[in-house]
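Working notes for the structure below.
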Amino acid sequence: MPGIHITDIEAAINFWRERRPSADGFTLALPVQALASLYARMVFQRQDLADEQAFSAAAWAAWQTWYASTPDTPCIAICSTSQGDAVCKGCGRTESEVQYWPEMGPAEKRSTWRRITAEGTAWRFNRYAERARETQGSNAGNS
């Protein structure tokens, strides 16, 4: 089972730091504290991935709030898997990932997002990047 990558936890920390900045420059908001504790443990233990069970209830709730603010699907409505491609030229997902996306959990989806972003070959990252930005909000929940 895929885990939550440390970069996603860092992104969630930054999400909360922006929304609930420290009033005195020292005190962290509760969601930041919860995520930072997990983040520090991961750094100390030299782990890149955290299992969902490693999250405290507060850290999981904070991470889920960040996760809900991200686009659900990389789809840009140009699906070449329907044309027989093993990997979609539009979004970069495999045919299996496109098919099972609605059943995938947050860790699996974020793992796929990390892979396609690192590869950067899908059209959503080059020739249709503007379209991807425009459809980002309207695709929530779509396959």
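Residues are referred to by chain and number: the chain letter is A, B, ... according to the order shown in the structure tokens, the number counts from 1 in that chain, and ligands are numbered separately from 1 in the order shown.
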**Asked** What's the 6 Å shell around range 30-38 of chain A, counting only C-alpha atoms, without same-chain residues fewer than 6 positions away, as a VMD selection string?
**Response** chain A and resid 13 58 to 59 62
Keeping N, CA and C atoms, export the residues of the selection given above as a tab-separated table (two decimals), in the first residue's frame.
```tsv
chain	number	residue	atom	x	y	z
A	13	ILE	N	1.77	21.36	5.53
A	13	ILE	CA	2.27	22.29	6.55
A	13	ILE	C	2.27	23.71	6.01
A	58	ALA	N	-5.35	14.46	14.65
A	58	ALA	CA	-5.25	15.88	14.27
A	58	ALA	C	-4.43	16.06	13.00
A	59	ALA	N	-3.34	15.30	12.87
A	59	ALA	CA	-2.50	15.40	11.67
A	59	ALA	C	-3.26	14.90	10.45
A	62	ALA	N	-5.79	17.51	9.41
A	62	ALA	CA	-5.11	18.64	8.77
A	62	ALA	C	-4.65	18.26	7.37
```
**Message:** as number ranges by chain, please: every residue in chain A that DSSP puts in strand (DSSP E).
**Reply:** A: 4-5, 49-50
**Request:** Would you please work out which residue, of A:Pro106, A:Ser111, A:Ile76, A:Val98, is nearest to Arg127 in chain A when using only C-alpha atoms?
**Result:**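 Once distances to Arg127 in chain A are computed over only C-alpha atoms, the minimum belongs to A:Ile76.
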**Request:** Tell me, as an MDAnalysis selection string, which residues lie within 12 Å of Gly105 in chain A, counting only C-alpha atoms; anything in the same chain fewer than 5 positions away does not count.
**Result:** chainID A and resid 1:4 52 64 67 72 97 100 110:112
Keeping N, CA, C and O atoms for every residue in the selection just given, could you write it to a file as an mmCIF file, in the first residue's frame?
```cif
data_model
loop_
_atom_site.group_PDB
_atom_site.id
_atom_site.type_symbol
_atom_site.label_atom_id
_atom_site.label_comp_id
_atom_site.auth_asym_id
_atom_site.auth_seq_id
_atom_site.Cartn_x
_atom_site.Cartn_y
_atom_site.Cartn_z
ATOM 1 N N MET A 1 0.848 -1.189 0.000
ATOM 2 C CA MET A 1 0.000 0.000 0.000
ATOM 3 C C MET A 1 0.885 1.241 0.000
ATOM 4 O O MET A 1 1.817 1.359 0.787
ATOM 5 N N PRO A 2 0.622 2.174 -0.889
ATOM 6 C CA PRO A 2 1.441 3.384 -0.905
ATOM 7 C C PRO A 2 1.215 4.229 0.341
ATOM 8 O O PRO A 2 0.160 4.168 0.966
ATOM 9 N N GLY A 3 2.224 4.972 0.673
ATOM 10 C CA GLY A 3 2.110 5.873 1.816
ATOM 11 C C GLY A 3 2.009 7.316 1.354
ATOM 12 O O GLY A 3 2.048 7.613 0.162
ATOM 13 N N ILE A 4 1.909 8.195 2.329
ATOM 14 C CA ILE A 4 1.873 9.630 2.061
ATOM 15 C C ILE A 4 3.318 10.117 2.035
ATOM 16 O O ILE A 4 4.063 9.938 2.997
ATOM 17 N N GLU A 52 -0.792 5.797 6.515
ATOM 18 C CA GLU A 52 -1.909 6.579 7.042
ATOM 19 C C GLU A 52 -2.103 6.360 8.543
ATOM 20 O O GLU A 52 -2.531 7.261 9.251
ATOM 21 N N GLN A 64 -5.945 15.914 5.432
ATOM 22 C CA GLN A 64 -7.136 15.733 4.603
ATOM 23 C C GLN A 64 -7.694 17.071 4.129
ATOM 24 O O GLN A 64 -8.178 17.183 3.006
ATOM 25 N N TYR A 67 -5.432 18.074 1.373
ATOM 26 C CA TYR A 67 -5.689 17.178 0.245
ATOM 27 C C TYR A 67 -6.962 17.589 -0.496
ATOM 28 O O TYR A 67 -6.996 17.600 -1.727
ATOM 29 N N ASP A 72 -8.457 16.791 -7.689
ATOM 30 C CA ASP A 72 -8.627 15.353 -7.490
ATOM 31 C C ASP A 72 -7.974 14.554 -8.603
ATOM 32 O O ASP A 72 -7.346 13.548 -8.349
ATOM 33 N N GLU A 97 -4.787 3.082 -14.015
ATOM 34 C CA GLU A 97 -4.977 4.217 -13.100
ATOM 35 C C GLU A 97 -6.198 5.045 -13.480
ATOM 36 O O GLU A 97 -6.946 5.495 -12.596
ATOM 37 N N TYR A 100 -9.356 2.820 -12.495
ATOM 38 C CA TYR A 100 -9.606 2.595 -11.070
ATOM 39 C C TYR A 100 -9.469 3.849 -10.213
ATOM 40 O O TYR A 100 -9.548 3.770 -8.992
ATOM 41 N N ARG A 110 -2.112 10.432 -4.671
ATOM 42 C CA ARG A 110 -0.953 11.320 -4.530
ATOM 43 C C ARG A 110 0.301 10.665 -5.091
ATOM 44 O O ARG A 110 1.155 11.338 -5.667
ATOM 45 N N SER A 111 0.425 9.346 -4.956
ATOM 46 C CA SER A 111 1.565 8.631 -5.529
ATOM 47 C C SER A 111 1.561 8.761 -7.055
ATOM 48 O O SER A 111 2.595 9.010 -7.676
ATOM 49 N N THR A 112 0.383 8.625 -7.641
ATOM 50 C CA THR A 112 0.255 8.780 -9.092
ATOM 51 C C THR A 112 0.575 10.211 -9.498
ATOM 52 O O THR A 112 1.313 10.451 -10.465
#
```
